[in-house]
Each structure stands twice: as C-alpha cells, then as structure tokens.
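data06.pdb (PDB, C-alpha atoms, pLDDT in the B column) appears below.
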```
MODEL        1
ATOM      1  CA  MET A1393       1.920 -27.400  -6.582  1.00 83.00           C
ATOM      2  CA  THR A1394       2.058 -23.895  -8.043  1.00 86.00           C
ATOM      3  CA  THR A1395       3.388 -20.626  -6.665  1.00 87.00           C
ATOM      4  CA  ARG A1396       2.369 -17.303  -8.208  1.00 90.00           C
ATOM      5  CA  VAL A1397       3.467 -13.760  -7.580  1.00 91.00           C
ATOM      6  CA  ASP A1398      -0.121 -12.577  -7.113  1.00 92.00           C
ATOM      7  CA  GLY A1399      -0.453 -14.762  -4.027  1.00 93.00           C
ATOM      8  CA  LEU A1400       2.571 -13.336  -2.243  1.00 93.00           C
ATOM      9  CA  ALA A1401       1.225 -10.136  -0.719  1.00 93.00           C
ATOM     10  CA  GLY A1402      -1.762 -11.744   0.953  1.00 95.00           C
ATOM     11  CA  THR A1403       0.107 -14.866   2.046  1.00 96.00           C
ATOM     12  CA  VAL A1404       3.089 -13.064   3.553  1.00 96.00           C
ATOM     13  CA  SER A1405       0.940 -10.590   5.485  1.00 95.00           C
ATOM     14  CA  LEU A1406      -1.488 -13.249   6.709  1.00 96.00           C
ATOM     15  CA  LEU A1407       1.244 -15.588   7.923  1.00 97.00           C
ATOM     16  CA  ALA A1408       3.103 -12.782   9.679  1.00 96.00           C
ATOM     17  CA  TRP A1409      -0.075 -11.452  11.285  1.00 95.00           C
ATOM     18  CA  ALA A1410      -0.902 -14.968  12.511  1.00 97.00           C
ATOM     19  CA  GLY A1411       2.452 -15.219  14.277  1.00 96.00           C
ATOM     20  CA  ARG A1412       4.133 -17.323  11.607  1.00 97.00           C
ATOM     21  CA  ALA A1413       6.803 -14.825  10.588  1.00 97.00           C
ATOM     22  CA  PRO A1414       9.431 -17.501   9.769  1.00 97.00           C
ATOM     23  CA  ALA A1415       6.992 -19.161   7.371  1.00 97.00           C
ATOM     24  CA  ALA A1416       6.124 -15.798   5.828  1.00 97.00           C
ATOM     25  CA  GLU A1417       9.783 -14.974   5.275  1.00 96.00           C
ATOM     26  CA  ALA A1418      10.503 -18.423   3.842  1.00 96.00           C
ATOM     27  CA  CYS A1419       7.596 -17.997   1.433  1.00 94.00           C
ATOM     28  CA  LEU A1420       8.820 -14.636   0.174  1.00 94.00           C
ATOM     29  CA  ARG A1421      12.496 -15.545  -0.018  1.00 93.00           C
ATOM     30  CA  GLY A1422      11.599 -18.786  -1.757  1.00 91.00           C
ATOM     31  CA  TYR A1423       9.723 -16.923  -4.460  1.00 90.00           C
ATOM     32  CA  LEU A1424      12.488 -14.358  -4.899  1.00 90.00           C
ATOM     33  CA  ASP A1425      14.991 -17.177  -5.326  1.00 88.00           C
ATOM     34  CA  LEU A1426      12.806 -18.983  -7.860  1.00 86.00           C
ATOM     35  CA  ALA A1427      12.377 -15.808  -9.871  1.00 81.00           C
ATOM     36  CA  SER A1428      16.072 -14.900  -9.479  1.00 74.00           C
ATOM     37  CA  LEU A1429      15.006 -11.621  -7.912  1.00 54.00           C
ATOM     38  CA  ARG A1430      17.023 -11.780  -4.702  1.00 45.00           C
ATOM     39  CA  ALA A1431      18.797  -8.449  -4.798  1.00 43.00           C
ATOM     40  CA  ASP A1432      22.387  -7.793  -3.805  1.00 42.00           C
ATOM     41  CA  PRO A1433      22.185  -4.557  -1.772  1.00 38.00           C
ATOM     42  CA  ALA A1434      25.587  -3.517  -3.112  1.00 40.00           C
ATOM     43  CA  THR A1435      24.525  -3.936  -6.744  1.00 42.00           C
ATOM     44  CA  PRO A1436      21.380  -2.132  -7.930  1.00 40.00           C
ATOM     45  CA  PRO A1437      19.368  -4.219 -10.403  1.00 39.00           C
ATOM     46  CA  ASP A1438      19.892  -3.644 -14.110  1.00 40.00           C
ATOM     47  CA  VAL A1439      16.232  -3.274 -14.928  1.00 35.00           C
ATOM     48  CA  THR A1440      16.941  -2.282 -18.524  1.00 34.00           C
ATOM     49  CA  ALA A1441      18.352  -5.745 -19.069  1.00 34.00           C
ATOM     50  CA  GLY A1442      15.328  -7.271 -17.388  1.00 36.00           C
ATOM     51  CA  GLN A1443      17.445  -9.277 -14.984  1.00 39.00           C
ATOM     52  CA  ALA A1444      16.118  -8.183 -11.607  1.00 42.00           C
ATOM     53  CA  PHE A1445      13.005  -6.286 -12.483  1.00 48.00           C
ATOM     54  CA  PRO A1446       9.808  -7.365 -10.750  1.00 51.00           C
ATOM     55  CA  GLY A1447       7.530  -8.920 -13.312  1.00 49.00           C
ATOM     56  CA  THR A1448      10.012  -9.491 -16.140  1.00 53.00           C
ATOM     57  CA  ALA A1449      10.983 -12.877 -14.774  1.00 64.00           C
ATOM     58  CA  ALA A1450       8.364 -15.612 -14.704  1.00 78.00           C
ATOM     59  CA  CYS A1451       5.324 -14.784 -12.597  1.00 86.00           C
ATOM     60  CA  ALA A1452       4.381 -18.381 -11.741  1.00 86.00           C
ATOM     61  CA  PHE A1453       6.209 -21.639 -11.086  1.00 87.00           C
ATOM     62  CA  GLU A1454       5.091 -25.238 -10.783  1.00 88.00           C
ATOM     63  CA  ARG A1455       6.668 -28.048  -8.833  1.00 87.00           C
ATOM     64  CA  VAL A1456       8.135 -30.797 -10.998  1.00 87.00           C
ATOM     65  CA  HIS A1457      10.368 -33.779 -10.349  1.00 85.00           C
ATOM     66  CA  GLY A1458      13.701 -32.382  -9.261  1.00 80.00           C
ATOM     67  CA  GLY A1459      12.622 -28.815  -8.597  1.00 83.00           C
ATOM     68  CA  TRP A1460      10.539 -26.024 -10.066  1.00 85.00           C
ATOM     69  CA  ARG A1461       9.921 -24.732 -13.566  1.00 85.00           C
ATOM     70  CA  ALA A1462       8.479 -21.469 -14.820  1.00 86.00           C
ATOM     71  CA  ARG A1463       4.973 -21.431 -16.225  1.00 87.00           C
ATOM     72  CA  PRO A1464       4.168 -19.380 -19.334  1.00 85.00           C
ATOM     73  CA  SER A1465       1.088 -17.786 -17.804  1.00 87.00           C
ATOM     74  CA  PRO A1466       0.904 -15.117 -16.505  1.00 88.00           C
ATOM     75  CA  PRO A1467       3.472 -13.969 -19.068  1.00 87.00           C
ATOM     76  CA  PRO A1468       6.777 -12.237 -18.311  1.00 84.00           C
ATOM     77  CA  GLY A1469       6.251  -8.502 -18.046  1.00 85.00           C
ATOM     78  CA  TRP A1470       2.738  -8.932 -16.622  1.00 90.00           C
ATOM     79  CA  SER A1471       1.798  -5.583 -15.104  1.00 89.00           C
ATOM     80  CA  ARG A1472       0.165  -6.971 -11.991  1.00 93.00           C
ATOM     81  CA  GLY A1473       3.171  -9.200 -11.399  1.00 91.00           C
ATOM     82  CA  GLN A1474       5.232  -6.080 -10.840  1.00 89.00           C
ATOM     83  CA  ALA A1475       2.560  -4.494  -8.680  1.00 93.00           C
ATOM     84  CA  TRP A1476       1.893  -7.550  -6.500  1.00 94.00           C
ATOM     85  CA  LEU A1477       5.581  -8.087  -5.849  1.00 93.00           C
ATOM     86  CA  LEU A1478       6.088  -4.459  -4.830  1.00 94.00           C
ATOM     87  CA  LEU A1479       3.151  -4.749  -2.448  1.00 96.00           C
ATOM     88  CA  ALA A1480       4.472  -8.005  -0.983  1.00 96.00           C
ATOM     89  CA  LEU A1481       7.880  -6.440  -0.375  1.00 96.00           C
ATOM     90  CA  ALA A1482       6.332  -3.310   1.118  1.00 97.00           C
ATOM     91  CA  ASP A1483       4.254  -5.360   3.546  1.00 97.00           C
ATOM     92  CA  ALA A1484       7.226  -7.594   4.349  1.00 97.00           C
ATOM     93  CA  GLY A1485       9.180  -4.462   5.207  1.00 97.00           C
ATOM     94  CA  TYR A1486       6.615  -3.783   7.919  1.00 95.00           C
ATOM     95  CA  TRP A1487       5.969  -7.335   9.131  1.00 96.00           C
ATOM     96  CA  LEU A1488       9.359  -8.995   8.668  1.00 97.00           C
ATOM     97  CA  SER A1489      12.451  -6.906   7.923  1.00 96.00           C
ATOM     98  CA  PRO A1490      13.223  -3.446   6.484  1.00 96.00           C
ATOM     99  CA  GLU A1491      15.498  -5.117   3.918  1.00 95.00           C
ATOM    100  CA  PHE A1492      12.469  -6.118   1.852  1.00 95.00           C
ATOM    101  CA  ALA A1493      11.175  -2.555   1.653  1.00 96.00           C
ATOM    102  CA  ASP A1494      14.689  -1.390   0.765  1.00 95.00           C
ATOM    103  CA  GLN A1495      14.735  -3.869  -2.108  1.00 92.00           C
ATOM    104  CA  ALA A1496      11.434  -2.511  -3.399  1.00 93.00           C
ATOM    105  CA  ARG A1497      12.692   1.073  -3.170  1.00 94.00           C
ATOM    106  CA  SER A1498      15.814   0.106  -5.104  1.00 90.00           C
ATOM    107  CA  TRP A1499      13.655  -1.230  -7.921  1.00 87.00           C
ATOM    108  CA  LEU A1500      11.486   1.868  -7.881  1.00 89.00           C
ATOM    109  CA  ASP A1501      14.510   4.158  -8.087  1.00 87.00           C
ATOM    110  CA  SER A1502      15.808   2.201 -11.073  1.00 83.00           C
ATOM    111  CA  ALA A1503      12.461   1.925 -12.858  1.00 80.00           C
ATOM    112  CA  PRO A1504      10.485   5.191 -12.915  1.00 76.00           C
ATOM    113  CA  GLN A1505       7.974   3.591 -15.303  1.00 77.00           C
ATOM    114  CA  LEU A1506       6.595   1.689 -12.309  1.00 78.00           C
ATOM    115  CA  ARG A1507       5.113   4.961 -11.095  1.00 81.00           C
ATOM    116  CA  THR A1508       2.750   5.353 -14.059  1.00 88.00           C
ATOM    117  CA  VAL A1509      -0.220   3.414 -15.431  1.00 93.00           C
ATOM    118  CA  PRO A1510       1.512   0.439 -17.084  1.00 92.00           C
ATOM    119  CA  PRO A1511       0.783  -1.527 -20.234  1.00 90.00           C
ATOM    120  CA  ALA A1512      -0.977  -4.786 -19.450  1.00 91.00           C
ATOM    121  CA  ILE A1513       2.159  -6.614 -20.608  1.00 88.00           C
ATOM    122  CA  ALA A1514       5.487  -4.790 -20.786  1.00 84.00           C
ATOM    123  CA  GLY A1515       6.585  -4.230 -24.367  1.00 79.00           C
ATOM    124  CA  HIS A1516       3.097  -4.740 -25.799  1.00 78.00           C
ATOM    125  CA  GLY A1517       1.234  -1.706 -27.047  1.00 75.00           C
ATOM    126  CA  GLY A1518      -2.452  -1.125 -26.657  1.00 79.00           C
ATOM    127  CA  ALA A1519      -4.205  -2.082 -23.449  1.00 91.00           C
ATOM    128  CA  VAL A1520      -3.128  -0.619 -20.135  1.00 94.00           C
ATOM    129  CA  ASP A1521      -3.969  -2.004 -16.699  1.00 96.00           C
ATOM    130  CA  THR A1522      -5.234   0.580 -14.251  1.00 97.00           C
ATOM    131  CA  SER A1523      -5.762  -2.092 -11.600  1.00 97.00           C
ATOM    132  CA  ALA A1524      -2.002  -2.697 -11.555  1.00 96.00           C
ATOM    133  CA  ALA A1525      -1.463   1.030 -11.074  1.00 97.00           C
ATOM    134  CA  ALA A1526      -3.894   1.076  -8.144  1.00 98.00           C
ATOM    135  CA  ILE A1527      -2.029  -1.786  -6.445  1.00 97.00           C
ATOM    136  CA  THR A1528       1.251   0.018  -7.101  1.00 96.00           C
ATOM    137  CA  ALA A1529      -0.131   3.221  -5.569  1.00 97.00           C
ATOM    138  CA  VAL A1530      -0.826   1.363  -2.321  1.00 97.00           C
ATOM    139  CA  ALA A1531       2.668  -0.149  -2.396  1.00 97.00           C
ATOM    140  CA  LEU A1532       4.211   3.284  -2.980  1.00 97.00           C
ATOM    141  CA  ALA A1533       2.373   4.698   0.018  1.00 96.00           C
ATOM    142  CA  LYS A1534       3.448   1.790   2.219  1.00 96.00           C
ATOM    143  CA  LEU A1535       7.051   2.373   1.104  1.00 96.00           C
ATOM    144  CA  GLY A1536       6.905   6.008   2.175  1.00 95.00           C
ATOM    145  CA  ARG A1537       6.720   7.358  -1.385  1.00 95.00           C
ATOM    146  CA  LEU A1538       3.583   9.378  -0.696  1.00 95.00           C
ATOM    147  CA  GLY A1539       4.290  11.943  -3.388  1.00 95.00           C
ATOM    148  CA  ALA A1540       4.575   9.276  -6.069  1.00 95.00           C
ATOM    149  CA  ALA A1541       1.488   7.523  -4.702  1.00 96.00           C
ATOM    150  CA  ARG A1542      -0.448  10.783  -4.809  1.00 96.00           C
ATOM    151  CA  ASP A1543       0.632  11.453  -8.400  1.00 96.00           C
ATOM    152  CA  LEU A1544      -0.455   7.988  -9.503  1.00 97.00           C
ATOM    153  CA  VAL A1545      -3.804   8.271  -7.722  1.00 97.00           C
ATOM    154  CA  THR A1546      -4.325  11.685  -9.315  1.00 96.00           C
ATOM    155  CA  GLU A1547      -3.698  10.175 -12.748  1.00 96.00           C
ATOM    156  CA  LEU A1548      -6.147   7.342 -12.108  1.00 97.00           C
ATOM    157  CA  VAL A1549      -8.874   9.622 -10.778  1.00 96.00           C
ATOM    158  CA  GLY A1550      -8.365  12.263 -13.449  1.00 95.00           C
ATOM    159  CA  ASP A1551      -8.070  10.029 -16.499  1.00 94.00           C
ATOM    160  CA  HIS A1552      -9.610   6.645 -15.794  1.00 95.00           C
ATOM    161  CA  LEU A1553     -12.719   6.969 -13.627  1.00 96.00           C
ATOM    162  CA  ALA A1554     -16.113   6.363 -15.219  1.00 94.00           C
ATOM    163  CA  THR A1555     -17.831   9.543 -16.396  1.00 91.00           C
ATOM    164  CA  SER A1556     -21.298   7.981 -16.594  1.00 91.00           C
ATOM    165  CA  GLY A1557     -23.247   5.458 -14.592  1.00 90.00           C
ATOM    166  CA  PRO A1558     -22.390   4.734 -10.956  1.00 90.00           C
ATOM    167  CA  PRO A1559     -19.561   7.060  -9.860  1.00 89.00           C
ATOM    168  CA  GLY A1560     -16.159   6.051  -8.561  1.00 90.00           C
ATOM    169  CA  ARG A1561     -15.604   3.111 -10.914  1.00 95.00           C
ATOM    170  CA  LEU A1562     -12.049   2.620 -12.149  1.00 96.00           C
ATOM    171  CA  LEU A1563     -12.083   1.669 -15.821  1.00 96.00           C
ATOM    172  CA  ARG A1564      -9.460   0.298 -18.239  1.00 94.00           C
ATOM    173  CA  GLY A1565      -8.352  -2.562 -16.053  1.00 94.00           C
ATOM    174  CA  CYS A1566      -7.019  -5.535 -18.002  1.00 94.00           C
ATOM    175  CA  TYR A1567      -7.574  -9.031 -16.653  1.00 93.00           C
ATOM    176  CA  ASP A1568      -6.037 -11.241 -19.359  1.00 89.00           C
ATOM    177  CA  LEU A1569      -4.667  -9.550 -22.470  1.00 87.00           C
ATOM    178  CA  ARG A1570      -3.407 -12.682 -24.198  1.00 84.00           C
ATOM    179  CA  GLY A1571      -6.629 -14.550 -23.542  1.00 83.00           C
ATOM    180  CA  GLY A1572      -8.748 -11.612 -24.639  1.00 83.00           C
ATOM    181  CA  VAL A1573     -10.695 -11.667 -21.360  1.00 92.00           C
ATOM    182  CA  ALA A1574     -11.822  -8.365 -19.808  1.00 91.00           C
ATOM    183  CA  THR A1575      -9.080  -6.381 -21.509  1.00 88.00           C
ATOM    184  CA  GLU A1576     -10.567  -2.928 -20.837  1.00 90.00           C
ATOM    185  CA  HIS A1577     -12.926  -3.276 -17.910  1.00 94.00           C
ATOM    186  CA  GLU A1578     -13.833  -2.234 -14.409  1.00 94.00           C
ATOM    187  CA  LEU A1579     -12.146  -4.765 -12.108  1.00 96.00           C
ATOM    188  CA  VAL A1580     -13.186  -5.211  -8.497  1.00 96.00           C
ATOM    189  CA  TRP A1581      -9.630  -5.214  -7.138  1.00 96.00           C
ATOM    190  CA  GLY A1582      -8.877  -2.071  -9.123  1.00 97.00           C
ATOM    191  CA  ASN A1583     -11.700  -0.262  -7.335  1.00 97.00           C
ATOM    192  CA  TYR A1584     -10.609  -1.668  -3.979  1.00 97.00           C
ATOM    193  CA  PHE A1585      -6.953  -0.692  -4.244  1.00 98.00           C
ATOM    194  CA  LEU A1586      -7.764   2.749  -5.642  1.00 98.00           C
ATOM    195  CA  LEU A1587     -10.045   3.374  -2.660  1.00 97.00           C
ATOM    196  CA  LEU A1588      -7.366   2.129  -0.266  1.00 97.00           C
ATOM    197  CA  ALA A1589      -4.697   4.261  -1.940  1.00 97.00           C
ATOM    198  CA  LEU A1590      -6.936   7.321  -1.674  1.00 96.00           C
ATOM    199  CA  ALA A1591      -7.568   6.634   2.008  1.00 96.00           C
ATOM    200  CA  VAL A1592      -3.851   6.283   2.730  1.00 96.00           C
ATOM    201  CA  VAL A1593      -2.815   9.334   0.698  1.00 95.00           C
ATOM    202  CA  LEU A1594      -5.483  11.456   2.404  1.00 95.00           C
ATOM    203  CA  GLY A1595      -4.353  10.293   5.837  1.00 94.00           C
ATOM    204  CA  ILE A1596      -7.605   8.481   6.648  1.00 96.00           C
ATOM    205  CA  VAL A1597      -5.976   5.055   6.936  1.00 93.00           C
ATOM    206  CA  PRO A1598      -2.417   4.378   8.204  1.00 93.00           C
ATOM    207  CA  PRO A1599      -0.299   2.632   5.535  1.00 90.00           C
ATOM    208  CA  SER A1600       0.362  -0.338   7.797  1.00 86.00           C
ATOM    209  CA  LEU A1601      -3.270  -0.914   8.791  1.00 84.00           C
ATOM    210  CA  VAL A1602      -4.276  -2.998   5.749  1.00 79.00           C
TER     211      VAL A1602
ENDMDL
END
```

Turn the structure described in the file into structure tokens.
Amino acid sequence: MTTRVDGLAGTVSLLAWAGRAPAAEACLRGYLDLASLRADPATPPDVTAGQAFPGTAACAFERVHGGWRARPSPPPGWSRGQAWLLLALADAGYWLSPEFADQARSWLDSAPQLRTVPPAIAGHGGAVDTSAAAITAVALAKLGRLGAARDLVTELVGDHLATSGPPGRLLRGCYDLRGGVATEHELVWGNYFLLLALAVVLGIVPPSLV
C-alpha cells in the first residue's frame, strides 16, 4: 500500500462530498502525521529549516511491516507536492474544518516563494514547473488569497503561454525532472488548473464549486 501527496486533494474532496467526512479527515490527518506536517497553531512552521514546509518532507510513503516508510520518489522538495498539499488543505477547509485552511495560510505567510512559479525540485536550478504554479493558484483562490492568485495567474499567462500553435497552452511544465521525462512541456493538468484559476479569479466559478 502506498500513500502519495498528489492523491490527497481528490480523495479528501471526493470522500467528503460522498458523505464520508470522517474518512476524509482521517485520510488527511494520517498523511500529515506521516509527513510530520501536523502544525501546532501556536507555533508557526520554521519553513527555512524545512521542518514543516509542504513538500520538503517525503511526498510518498509505503506500508511496511511495523508501519510506514518514506519513498524516495517523488523527491523531497517536489514542486507539485507543495501545490497538491495546499489544495488538499484548502478543500478540507471547506469540506471538513476551517483549521485545515488556517494551516495552509500559515504556511503561505511563512513561505512567500509558494506564490511564484517554483523550480521543479526545490534547491535545484534549471527547470521550473508551471503546472505546480497553476495548482497553487487555485489553492490560493480557495484560501481567499485572490490577489496572490491573480498575480500568479498573470505571471503564467504573461510569461508561459504558447506564442505559436493552438492558443491557451501552458508551457514549461515539468513532469519528472530526475527521470528526464517531459521536463519542459505542456501538461494537461497545467492547462486544466490554469483555466480553473482564471475562472475563479474572474468570478465565473465560485472557489468552492470544484
């Protein structure tokens, strides 16, 4: 059995929507405990030390005899790990309890770099991951940070959309930097989340609808 951060947002929302809120909360809290990311509201996370920063801990865990152990892939500092966790917490703030959204806002306040297009892996130069930024933009909007969401969407549209071929394509998404797979590409989820972020920022879609 494996649990990954990129499965949290969809799983938590689906379970809660289906009337299984206790299971959704157990899923999210279980992951936060595994990743040692359960925040103490009285103590903001020291993100510079990488101790409670979404995505710097392991992004996947596998069940072994006696418990769980971290998997090396996706690597610590994976850009979409940060983005998916923020989105999961934002959605949990709507479906489950405001405490989860408060935890996400605490991380955002302590880590302004989350509000820009991130490197594909934190601390590694070169490739960025615009798809992570698009996911983050949706999370920002759901957390009530519409100004930050708008700024991030503006950066994506202004600097990273295709200038030739079919319009509206978000480029410079990075699927797997270490594996050398699609390291500077159009990614389908990047397009989807950019479109959703635009719709929310423009007031076409309520943040809690999707």

Would you write out, as a short mmCIF file (atom, residue, chain, number, x, y, z; two decimals) with C-alpha atoms, in the frame of the given file, every residue that the PyMOL selection byres ((chain A and resi 1556-1567) around 12) captures in this file?
```cif
data_model
loop_
_atom_site.label_atom_id
_atom_site.label_comp_id
_atom_site.auth_asym_id
_atom_site.auth_seq_id
_atom_site.Cartn_x
_atom_site.Cartn_y
_atom_site.Cartn_z
CA PRO A 1466 0.90 -15.12 -16.50
CA TRP A 1470 2.74 -8.93 -16.62
CA SER A 1471 1.80 -5.58 -15.10
CA ARG A 1472 0.16 -6.97 -11.99
CA GLY A 1473 3.17 -9.20 -11.40
CA VAL A 1509 -0.22 3.41 -15.43
CA PRO A 1510 1.51 0.44 -17.08
CA PRO A 1511 0.78 -1.53 -20.23
CA ALA A 1512 -0.98 -4.79 -19.45
CA ILE A 1513 2.16 -6.61 -20.61
CA GLY A 1518 -2.45 -1.12 -26.66
CA ALA A 1519 -4.20 -2.08 -23.45
CA VAL A 1520 -3.13 -0.62 -20.14
CA ASP A 1521 -3.97 -2.00 -16.70
CA THR A 1522 -5.23 0.58 -14.25
CA SER A 1523 -5.76 -2.09 -11.60
CA ALA A 1524 -2.00 -2.70 -11.56
CA ALA A 1525 -1.46 1.03 -11.07
CA ALA A 1526 -3.89 1.08 -8.14
CA ILE A 1527 -2.03 -1.79 -6.44
CA VAL A 1545 -3.80 8.27 -7.72
CA GLU A 1547 -3.70 10.18 -12.75
CA LEU A 1548 -6.15 7.34 -12.11
CA VAL A 1549 -8.87 9.62 -10.78
CA GLY A 1550 -8.36 12.26 -13.45
CA ASP A 1551 -8.07 10.03 -16.50
CA HIS A 1552 -9.61 6.64 -15.79
CA LEU A 1553 -12.72 6.97 -13.63
CA ALA A 1554 -16.11 6.36 -15.22
CA THR A 1555 -17.83 9.54 -16.40
CA ASP A 1568 -6.04 -11.24 -19.36
CA LEU A 1569 -4.67 -9.55 -22.47
CA ARG A 1570 -3.41 -12.68 -24.20
CA GLY A 1571 -6.63 -14.55 -23.54
CA GLY A 1572 -8.75 -11.61 -24.64
CA VAL A 1573 -10.70 -11.67 -21.36
CA ALA A 1574 -11.82 -8.36 -19.81
CA THR A 1575 -9.08 -6.38 -21.51
CA GLU A 1576 -10.57 -2.93 -20.84
CA HIS A 1577 -12.93 -3.28 -17.91
CA GLU A 1578 -13.83 -2.23 -14.41
CA LEU A 1579 -12.15 -4.76 -12.11
CA VAL A 1580 -13.19 -5.21 -8.50
CA TRP A 1581 -9.63 -5.21 -7.14
CA GLY A 1582 -8.88 -2.07 -9.12
CA ASN A 1583 -11.70 -0.26 -7.34
CA TYR A 1584 -10.61 -1.67 -3.98
CA PHE A 1585 -6.95 -0.69 -4.24
CA LEU A 1586 -7.76 2.75 -5.64
CA LEU A 1587 -10.04 3.37 -2.66
CA LEU A 1590 -6.94 7.32 -1.67
#
```

- prompt: Could you pull the residues within 10 Å of segment 1477-1483 of chain A, counting all atoms listed in the file, minus those fewer than 2 positions along the same chain, as a ChimeraX atom specification?
  reply: /A:1397-1405,1408,1420,1423-1424,1446-1447,1451,1472-1475,1485-1497,1499-1500,1506,1527-1536,1599-1600,1602

- request: Tell me, as a PyMOL selection string, which residues lie within 10 Å of Val1456 of chain A, counting only C-alpha atoms; anything in the same chain fewer than 3 positions away does not count.
  value: chain A and resi 1393-1394+1453+1459-1461

Two-atom distance - atom CA of Trp1409 of chain A, atom CA of Gly1539 of chain A (Å):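 Atom-to-atom, atom CA of Trp1409 of chain A and atom CA of Gly1539 of chain A are spaced 28.0 Å apart.
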
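Coordinates place atom CA of Glu1454 of chain A at a distance of 6.4 Å from atom CA of Thr1395 of chain A.
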
message: If I take atom CA of Ala1415 of chain A and atom CA of Ala1450 of chain A, how far is one from the other in Å, to one decimal?
response: 22.4 Å

task: Check the smallest atom-to-atom distance from each of A:Ala1452, A:Ala1541, A:His1516, A:Arg1421 to Ser1465 of chain A using all atoms listed in the file, then report the winner.
output: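 With all atoms listed in the file as the atom set, the closest residue is A:Ala1452.
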
Six-sided padding of 6 Å per side, axis-aligned box over segment 1596-1600 of chain A, centre and edges in Å, one decimal, as AutoDock Vina command-line options:
```
--center_x -3.6 --center_y 4.1 --center_z 6.9 --size_x 20.0 --size_y 20.8 --size_z 14.7
```

Extract segment 1514-1535 of chain A from the structure I just pasted (atoms: N, CA and C atoms) and return it as a PDB file, in the first residue's frame.
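This went into out18.pdb:
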```pdb
ATOM      1  N   ALA A1514      12.777  21.870  -5.286  1.00  0.00           N
ATOM      2  CA  ALA A1514      13.354  22.959  -4.500  1.00  0.00           C
ATOM      3  C   ALA A1514      14.856  22.760  -4.337  1.00  0.00           C
ATOM      4  N   GLY A1515      15.613  23.833  -4.556  1.00  0.00           N
ATOM      5  CA  GLY A1515      17.053  23.764  -4.401  1.00  0.00           C
ATOM      6  C   GLY A1515      17.797  23.326  -5.636  1.00  0.00           C
ATOM      7  N   HIS A1516      17.070  22.952  -6.690  1.00  0.00           N
ATOM      8  CA  HIS A1516      17.689  22.542  -7.947  1.00  0.00           C
ATOM      9  C   HIS A1516      17.427  23.620  -8.992  1.00  0.00           C
ATOM     10  N   GLY A1517      18.472  24.115  -9.600  1.00  0.00           N
ATOM     11  CA  GLY A1517      18.312  25.124 -10.626  1.00  0.00           C
ATOM     12  C   GLY A1517      17.785  24.522 -11.911  1.00  0.00           C
ATOM     13  N   GLY A1518      17.494  25.403 -12.859  1.00  0.00           N
ATOM     14  CA  GLY A1518      17.070  24.912 -14.160  1.00  0.00           C
ATOM     15  C   GLY A1518      15.571  24.902 -14.311  1.00  0.00           C
ATOM     16  N   ALA A1519      15.014  23.715 -14.515  1.00  0.00           N
ATOM     17  CA  ALA A1519      13.608  23.584 -14.887  1.00  0.00           C
ATOM     18  C   ALA A1519      12.670  24.113 -13.808  1.00  0.00           C
ATOM     19  N   VAL A1520      11.640  24.808 -14.267  1.00  0.00           N
ATOM     20  CA  VAL A1520      10.546  25.216 -13.392  1.00  0.00           C
ATOM     21  C   VAL A1520       9.353  24.300 -13.671  1.00  0.00           C
ATOM     22  N   ASP A1521       8.301  24.449 -12.883  1.00  0.00           N
ATOM     23  CA  ASP A1521       7.092  23.659 -13.112  1.00  0.00           C
ATOM     24  C   ASP A1521       5.877  24.572 -13.049  1.00  0.00           C
ATOM     25  N   THR A1522       5.443  25.017 -14.223  1.00  0.00           N
ATOM     26  CA  THR A1522       4.281  25.901 -14.272  1.00  0.00           C
ATOM     27  C   THR A1522       3.002  25.186 -13.854  1.00  0.00           C
ATOM     28  N   SER A1523       2.950  23.871 -14.026  1.00  0.00           N
ATOM     29  CA  SER A1523       1.733  23.157 -13.617  1.00  0.00           C
ATOM     30  C   SER A1523       1.554  23.223 -12.105  1.00  0.00           C
ATOM     31  N   ALA A1524       2.656  23.202 -11.360  1.00  0.00           N
ATOM     32  CA  ALA A1524       2.571  23.358  -9.906  1.00  0.00           C
ATOM     33  C   ALA A1524       2.043  24.741  -9.556  1.00  0.00           C
ATOM     34  N   ALA A1525       2.489  25.751 -10.296  1.00  0.00           N
ATOM     35  CA  ALA A1525       2.016  27.111 -10.040  1.00  0.00           C
ATOM     36  C   ALA A1525       0.525  27.240 -10.329  1.00  0.00           C
ATOM     37  N   ALA A1526       0.041  26.562 -11.358  1.00  0.00           N
ATOM     38  CA  ALA A1526      -1.384  26.622 -11.681  1.00  0.00           C
ATOM     39  C   ALA A1526      -2.222  25.979 -10.580  1.00  0.00           C
ATOM     40  N   ILE A1527      -1.762  24.846 -10.052  1.00  0.00           N
ATOM     41  CA  ILE A1527      -2.457  24.206  -8.931  1.00  0.00           C
ATOM     42  C   ILE A1527      -2.451  25.135  -7.722  1.00  0.00           C
ATOM     43  N   THR A1528      -1.299  25.745  -7.458  1.00  0.00           N
ATOM     44  CA  THR A1528      -1.181  26.664  -6.330  1.00  0.00           C
ATOM     45  C   THR A1528      -2.118  27.855  -6.487  1.00  0.00           C
ATOM     46  N   ALA A1529      -2.265  28.358  -7.709  1.00  0.00           N
ATOM     47  CA  ALA A1529      -3.162  29.493  -7.940  1.00  0.00           C
ATOM     48  C   ALA A1529      -4.597  29.147  -7.547  1.00  0.00           C
ATOM     49  N   VAL A1530      -5.032  27.938  -7.868  1.00  0.00           N
ATOM     50  CA  VAL A1530      -6.373  27.506  -7.469  1.00  0.00           C
ATOM     51  C   VAL A1530      -6.467  27.428  -5.947  1.00  0.00           C
ATOM     52  N   ALA A1531      -5.428  26.860  -5.316  1.00  0.00           N
ATOM     53  CA  ALA A1531      -5.428  26.765  -3.856  1.00  0.00           C
ATOM     54  C   ALA A1531      -5.478  28.152  -3.218  1.00  0.00           C
ATOM     55  N   LEU A1532      -4.699  29.086  -3.749  1.00  0.00           N
ATOM     56  CA  LEU A1532      -4.704  30.450  -3.222  1.00  0.00           C
ATOM     57  C   LEU A1532      -6.104  31.058  -3.290  1.00  0.00           C
ATOM     58  N   ALA A1533      -6.766  30.875  -4.413  1.00  0.00           N
ATOM     59  CA  ALA A1533      -8.114  31.423  -4.561  1.00  0.00           C
ATOM     60  C   ALA A1533      -9.078  30.790  -3.568  1.00  0.00           C
ATOM     61  N   LYS A1534      -8.971  29.481  -3.381  1.00  0.00           N
ATOM     62  CA  LYS A1534      -9.849  28.790  -2.436  1.00  0.00           C
ATOM     63  C   LYS A1534      -9.582  29.235  -0.998  1.00  0.00           C
ATOM     64  N   LEU A1535      -8.354  29.673  -0.725  1.00  0.00           N
ATOM     65  CA  LEU A1535      -7.985  30.128   0.613  1.00  0.00           C
ATOM     66  C   LEU A1535      -8.294  31.607   0.829  1.00  0.00           C
TER      67      LEU A1535
END
```
